[in-house]
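For reference, the structure is listed below as structure tokens.
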Amino acid sequence: MANIGLDFDGVIVDSVRLKIKYAQELYGISLSPADCKKDVVLSKRLMTKEEYDTLNSLVYGTRVGLHLDAIYDSVDYIKILKEKHNVRIITSRLNRELNTPEIWLEEHGISVPVIYTNQRPKNEFCSGLDLFVDDDYPKLEELVNSAEHLVLFSRPYNQDVEIKNSRIQRIDSWAFLYKFIKETLE
């Protein structure tokens, strides 16, 4: 039985649709799916830091987050993984008191522990994991000595990220992630 850690946003749920919707509603700004990450928005000067922080606070720090879409097949595969492995969610989200991830997971029939790092590095929370999956490459780089297998879950906003560490693999879908887990951890 392997210990598997999953990031919540960008691996299980997709915030892109909500970010696009509220960037338009709040600021009249049209974001593409590839623009929905802070460093991209700021480098392209699509929004100010304050505007993007407000957008993120709305999507991640309020009950609006309950309307996040599941990433294709994530719910089904997590249910399958739970049957054979210890699965936990490790998220950098703040506002634990809102417990949005737990509510979202419960509404989708998933009961797994959710660990909040409160923006601290994830390495102390991922120590001893057999696998950790995140959509944020810099966070994975910090985990090279914490988890045995590291996976960058591909999203439109991280397609241009060059993987420089051989311990980190890019995987494009939950079907490929599941296949990797079966071949590597079972």
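Residue names in the structure tokens use chain letters A, B, ... in the order shown, residue numbers from 1 in each chain, and ligand numbers from 1 in the order shown.
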
Shell around Arg170 in chain A at 7 Å using only C-alpha atoms, local window under 2 positions removed, as a ChimeraX atom specification: /A:151-154,168,172

Kindly export the residues of the current selection with C-alpha atoms, as a PDB file, in the first residue's frame.
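Just written: part.pdb:
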ATOM      1  CA  VAL A 151       4.888  14.211 -10.905  1.00  0.00           C
ATOM      2  CA  LEU A 152       4.154  17.526 -12.587  1.00  0.00           C
ATOM      3  CA  PHE A 153       0.521  17.375 -13.651  1.00  0.00           C
ATOM      4  CA  SER A 154       0.310  19.183 -16.997  1.00  0.00           C
ATOM      5  CA  ILE A 168      10.273  14.906 -11.738  1.00  0.00           C
ATOM      6  CA  ASP A 172      -0.782  14.801 -18.934  1.00  0.00           C
TER       7      ASP A 172
END

For range 72-144 of chain A versus range 15-38 of chain A, which residues have an atom no more than 12 Å away, and what is each residue's nearest atom pair and distance in Å rounded to one decimal, using only C-alpha atoms, chain-then-number order, as a tab-separated table?
residue	atom	partner	partner_atom	distance
A:Asp135	CA	A:Lys37	CA	10.5
A:Asp136	CA	A:Lys37	CA	9.5
A:Tyr137	CA	A:Lys37	CA	12.0

I need the chosen residues saved as an mmCIF file, in the first residue's frame, with N, CA and C atoms.
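Saved file out_5.cif follows:
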data_model
loop_
_atom_site.group_PDB
_atom_site.id
_atom_site.type_symbol
_atom_site.label_atom_id
_atom_site.label_comp_id
_atom_site.auth_asym_id
_atom_site.auth_seq_id
_atom_site.Cartn_x
_atom_site.Cartn_y
_atom_site.Cartn_z
ATOM 1 N N ASP A 135 0.800 20.627 -9.723
ATOM 2 C CA ASP A 135 0.839 21.338 -11.000
ATOM 3 C C ASP A 135 1.823 22.506 -10.960
ATOM 4 N N ASP A 136 2.519 22.659 -9.854
ATOM 5 C CA ASP A 136 3.433 23.787 -9.637
ATOM 6 C C ASP A 136 4.869 23.257 -9.565
ATOM 7 N N TYR A 137 5.627 23.444 -10.640
ATOM 8 C CA TYR A 137 6.972 22.892 -10.728
ATOM 9 C C TYR A 137 7.905 23.349 -9.602
#

What parts of range 32-175 of chain A does DSSP call helix (DSSP H, G or I)? I'd like the answer as number ranges by chain. A: 33-35, 38-43, 49-61, 63-67, 74-84, 96-98, 100-107, 123-126, 137-141, 156-158, 174-175

Find the nearest atom pair between each residue of range 9-65 of chain A and range 75-92 of chain A for residues within 12 Å, count only C-alpha atoms, give distances in Å to one decimal, sort rows by chain and ascending number, and present the table as CSV.
residue,atom,partner,partner_atom,distance
A:Asp9,CA,A:Thr91,CA,7.6
A:Gly10,CA,A:Thr91,CA,10.4
A:Val11,CA,A:Ile89,CA,10.0
A:Ile12,CA,A:Val75,CA,7.3
A:Val13,CA,A:Val75,CA,9.2
A:Tyr60,CA,A:Ser92,CA,10.5
A:Gly61,CA,A:Ser92,CA,11.8

How far is it from CA of Met1 in chain A to CA of Asp130 in chain A, in Å with one decimal? 9.7 Å

My list of candidates is A:Val114, A:Leu140, A:Leu105, A:Ile163. Which is closest to Ala70 in chain A when distances are computed with only C-alpha atoms? A:Leu105

Mind the document's chain letters and residue numbers, and return as number ranges by chain the residues of chain A that DSSP labels strand (DSSP E). A: 3-6, 13-14, 69-70, 86-91, 114-116, 129-134, 147-153, 168-171

What would the file look like if the residues just selected were written as a short mmCIF file (atom, residue, chain, number, x, y, z; two decimals), in the first residue's frame with N, CA and C atoms?
data_model
loop_
_atom_site.label_atom_id
_atom_site.label_comp_id
_atom_site.auth_asym_id
_atom_site.auth_seq_id
_atom_site.Cartn_x
_atom_site.Cartn_y
_atom_site.Cartn_z
N ASN A 3 1.90 5.33 -0.18
CA ASN A 3 1.44 6.62 0.34
C ASN A 3 1.51 7.65 -0.77
N ILE A 4 0.33 8.14 -1.15
CA ILE A 4 0.22 9.05 -2.29
C ILE A 4 -0.31 10.40 -1.81
N GLY A 5 0.38 11.45 -2.21
CA GLY A 5 -0.06 12.82 -1.91
C GLY A 5 -0.45 13.53 -3.19
N LEU A 6 -1.54 14.25 -3.13
CA LEU A 6 -2.04 14.99 -4.29
C LEU A 6 -2.28 16.44 -3.90
N VAL A 13 -8.98 19.63 -8.91
CA VAL A 13 -9.95 20.61 -9.41
C VAL A 13 -9.26 21.61 -10.32
N ASP A 14 -10.07 22.18 -11.20
CA ASP A 14 -9.58 23.12 -12.21
C ASP A 14 -10.16 24.50 -11.93
N ASP A 69 -14.56 23.03 -11.11
CA ASP A 69 -14.79 21.82 -11.90
C ASP A 69 -13.75 20.77 -11.54
N ALA A 70 -14.16 19.52 -11.56
CA ALA A 70 -13.21 18.43 -11.40
C ALA A 70 -12.37 18.34 -12.67
N ASN A 86 -2.89 4.62 0.45
CA ASN A 86 -3.19 5.71 1.37
C ASN A 86 -3.08 7.01 0.57
N VAL A 87 -4.19 7.68 0.38
CA VAL A 87 -4.23 8.90 -0.41
C VAL A 87 -4.54 10.07 0.52
N ARG A 88 -3.80 11.14 0.35
CA ARG A 88 -4.07 12.36 1.11
C ARG A 88 -3.88 13.56 0.20
N ILE A 89 -4.59 14.62 0.53
CA ILE A 89 -4.48 15.88 -0.21
C ILE A 89 -3.56 16.78 0.61
N ILE A 90 -2.59 17.38 -0.06
CA ILE A 90 -1.69 18.33 0.59
C ILE A 90 -1.78 19.62 -0.21
N THR A 91 -2.37 20.64 0.40
CA THR A 91 -2.67 21.88 -0.30
C THR A 91 -2.02 23.08 0.37
N VAL A 114 -7.16 15.89 4.36
CA VAL A 114 -6.69 17.10 3.70
C VAL A 114 -5.74 17.80 4.66
N ILE A 115 -4.53 18.03 4.20
CA ILE A 115 -3.50 18.70 4.99
C ILE A 115 -3.25 20.07 4.40
N TYR A 116 -3.33 21.08 5.23
CA TYR A 116 -3.09 22.46 4.80
C TYR A 116 -1.67 22.86 5.21
N LEU A 129 6.40 10.12 1.52
CA LEU A 129 5.44 9.75 0.48
C LEU A 129 6.14 8.94 -0.61
N ASP A 130 5.41 8.01 -1.17
CA ASP A 130 5.92 7.27 -2.32
C ASP A 130 5.74 8.07 -3.60
N LEU A 131 4.72 8.93 -3.63
CA LEU A 131 4.41 9.73 -4.81
C LEU A 131 3.73 11.02 -4.39
N PHE A 132 4.12 12.11 -5.03
CA PHE A 132 3.40 13.37 -4.84
C PHE A 132 3.18 13.99 -6.21
N VAL A 133 1.97 14.53 -6.42
CA VAL A 133 1.57 15.12 -7.69
C VAL A 133 1.17 16.57 -7.45
N ASP A 134 1.74 17.49 -8.26
CA ASP A 134 1.42 18.91 -8.15
C ASP A 134 1.45 19.50 -9.55
N ALA A 147 9.82 13.02 -1.28
CA ALA A 147 8.96 11.97 -1.81
C ALA A 147 9.73 11.20 -2.88
N GLU A 148 9.48 9.91 -2.95
CA GLU A 148 10.25 9.08 -3.89
C GLU A 148 9.97 9.42 -5.35
N HIS A 149 8.71 9.58 -5.71
CA HIS A 149 8.34 9.89 -7.09
C HIS A 149 7.59 11.23 -7.10
N LEU A 150 7.98 12.09 -8.03
CA LEU A 150 7.35 13.40 -8.15
C LEU A 150 6.79 13.56 -9.55
N VAL A 151 5.56 14.07 -9.62
CA VAL A 151 4.89 14.21 -10.90
C VAL A 151 4.38 15.63 -11.06
N LEU A 152 4.73 16.24 -12.20
CA LEU A 152 4.15 17.53 -12.59
C LEU A 152 2.93 17.21 -13.43
N PHE A 153 1.76 17.59 -12.92
CA PHE A 153 0.52 17.37 -13.65
C PHE A 153 0.37 18.51 -14.66
N ILE A 168 11.63 14.40 -11.52
CA ILE A 168 10.27 14.91 -11.74
C ILE A 168 9.83 14.51 -13.14
N GLN A 169 8.65 13.89 -13.20
CA GLN A 169 8.07 13.50 -14.49
C GLN A 169 6.83 14.33 -14.77
N ARG A 170 6.62 14.61 -16.03
CA ARG A 170 5.39 15.29 -16.45
C ARG A 170 4.39 14.24 -16.89
N ILE A 171 3.15 14.38 -16.40
CA ILE A 171 2.07 13.48 -16.81
C ILE A 171 0.88 14.34 -17.20
#

Straight-line distance linking CA of Pro113 in chain A with CA of Asn158 in chain A, stated in Å to one decimal: 26.6 Å

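With only C-alpha atoms as the basis for measurement, A:His67 is the residue among A:His67, A:Lys49, A:Lys122, A:Lys44 that approaches Thr100 in chain A most closely.
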